[in-house]
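The structure under discussion appears below in the form of structure tokens.
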Amino acid sequence: MNPFTQFLAQFLPSHDLDVFVAYWDQLEALIIRVYKTQRVSSDDERLYVSVRAQLQKGYARWQKQLDPFWRAALVNGSSAERDPFVYLFSAESAAAFIGDWTAMQQLPAAREALNRFIVAQSADTA
């Protein structure tokens, strides 16, 4: 898990959100790796299929709650115009991230939304 997100998540009572964030971390790492190396292995493709399925299934639970947080995030210096989570797990394959600078720009907005959501959830349970 992203170290800062892990720090924030330690205060959450919801194991389900931890599971979603763990899958998100895997997707984020995969996108960055594929973008940087400009290559996709068969392991990357298998991982993407698996993680994508889990995120698509799990996101339904969190989508409405995450909506205001991603809308407040910035993508390339401007307000996010689309859901970065949906954008990033809607690609048909991991190979789609080769050279996809737009995907790389969505990652910080998604991470910011997750972190702010976790802080809000933690405040609600305090």
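Letters A, B, ... mark the chains of the structure tokens in the order given; residue numbers begin at 1 per chain; ligand numbers begin at 1, in order shown.
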_Going by DSSP on the backbone, which residues of chain A come out as helix (DSSP H, G or I)? List them as a ChimeraX atom specification._
/A:3-9,15-37,42-71,84-88,94-97,101-125
Do you know which residues are at most 9 Å from A:Pro108 counting only C-alpha atoms, after dropping those on the same chain fewer than 5 positions away, and could you put them as a PDB file with C-alpha atoms, in the first residue's frame?
```pdb
ATOM      1  CA  ALA A  73      -8.771  16.870  -7.265  1.00  0.00           C
ATOM      2  CA  LEU A  74      -6.629  18.353 -10.006  1.00  0.00           C
ATOM      3  CA  VAL A  75      -5.544  16.644 -13.191  1.00  0.00           C
ATOM      4  CA  ALA A 113      -9.325  11.346  -3.703  1.00  0.00           C
TER       5      ALA A 113
END
```
_I'd like the contact shell of stretch 78-92 of chain A - 7 Å cut-off, only C-alpha atoms, skipping same-chain residues fewer than 6 positions apart - returned as an MDAnalysis selection string._
chainID A and resid 52 70:72 103 106 109:110
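For the pair atom CA of A:Phe97 and atom CA of A:Leu47, the separation is 13.6 Å.
Considering the residues A:Tyr59, A:Ile32, A:Val51, A:Ala120 and counting only C-alpha atoms, A:Gln105 has its shortest atom-to-atom contact with A:Ile32.
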*Quick one: pull the distance between atom CA of A:Phe20 and atom CA of A:Val34, Å, one decimal.*
21.2 Å
_All strand (DSSP E) residues (DSSP, backbone) inside chain A, as a ChimeraX atom specification_ = /A:74-75,78-79
Go ahead and dump the residues you just picked, C-alpha atoms, as a compact mmCIF listing (two decimals), in the first residue's frame.
```txt
# COMPACT_ATOMS: atom_id res chain seq x y z
CA LEU A 74 -6.63 18.35 -10.01
CA VAL A 75 -5.54 16.64 -13.19
CA SER A 78 -7.25 21.68 -13.80
CA SER A 79 -10.29 20.27 -12.06
```
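Minimum atom-to-atom distances from A:Trp62, A:Gly99, A:Tyr48, A:Asp67 to A:Ala29 were compared using only C-alpha atoms, and the lowest value belongs to A:Tyr48.
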*Given the choices A:Met104, A:Ala95, A:Leu27, A:Asp18, which gets closest to A:Gln56 if the distance is worked out from only C-alpha atoms?*
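Under the stated criterion, the closest residue is A:Leu27.
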*Quote the spacing between atom CA of A:Ser42 and atom CA of A:Lys57 in Å to one decimal place.*
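Atom CA of A:Ser42 sits 22.9 Å away from atom CA of A:Lys57.
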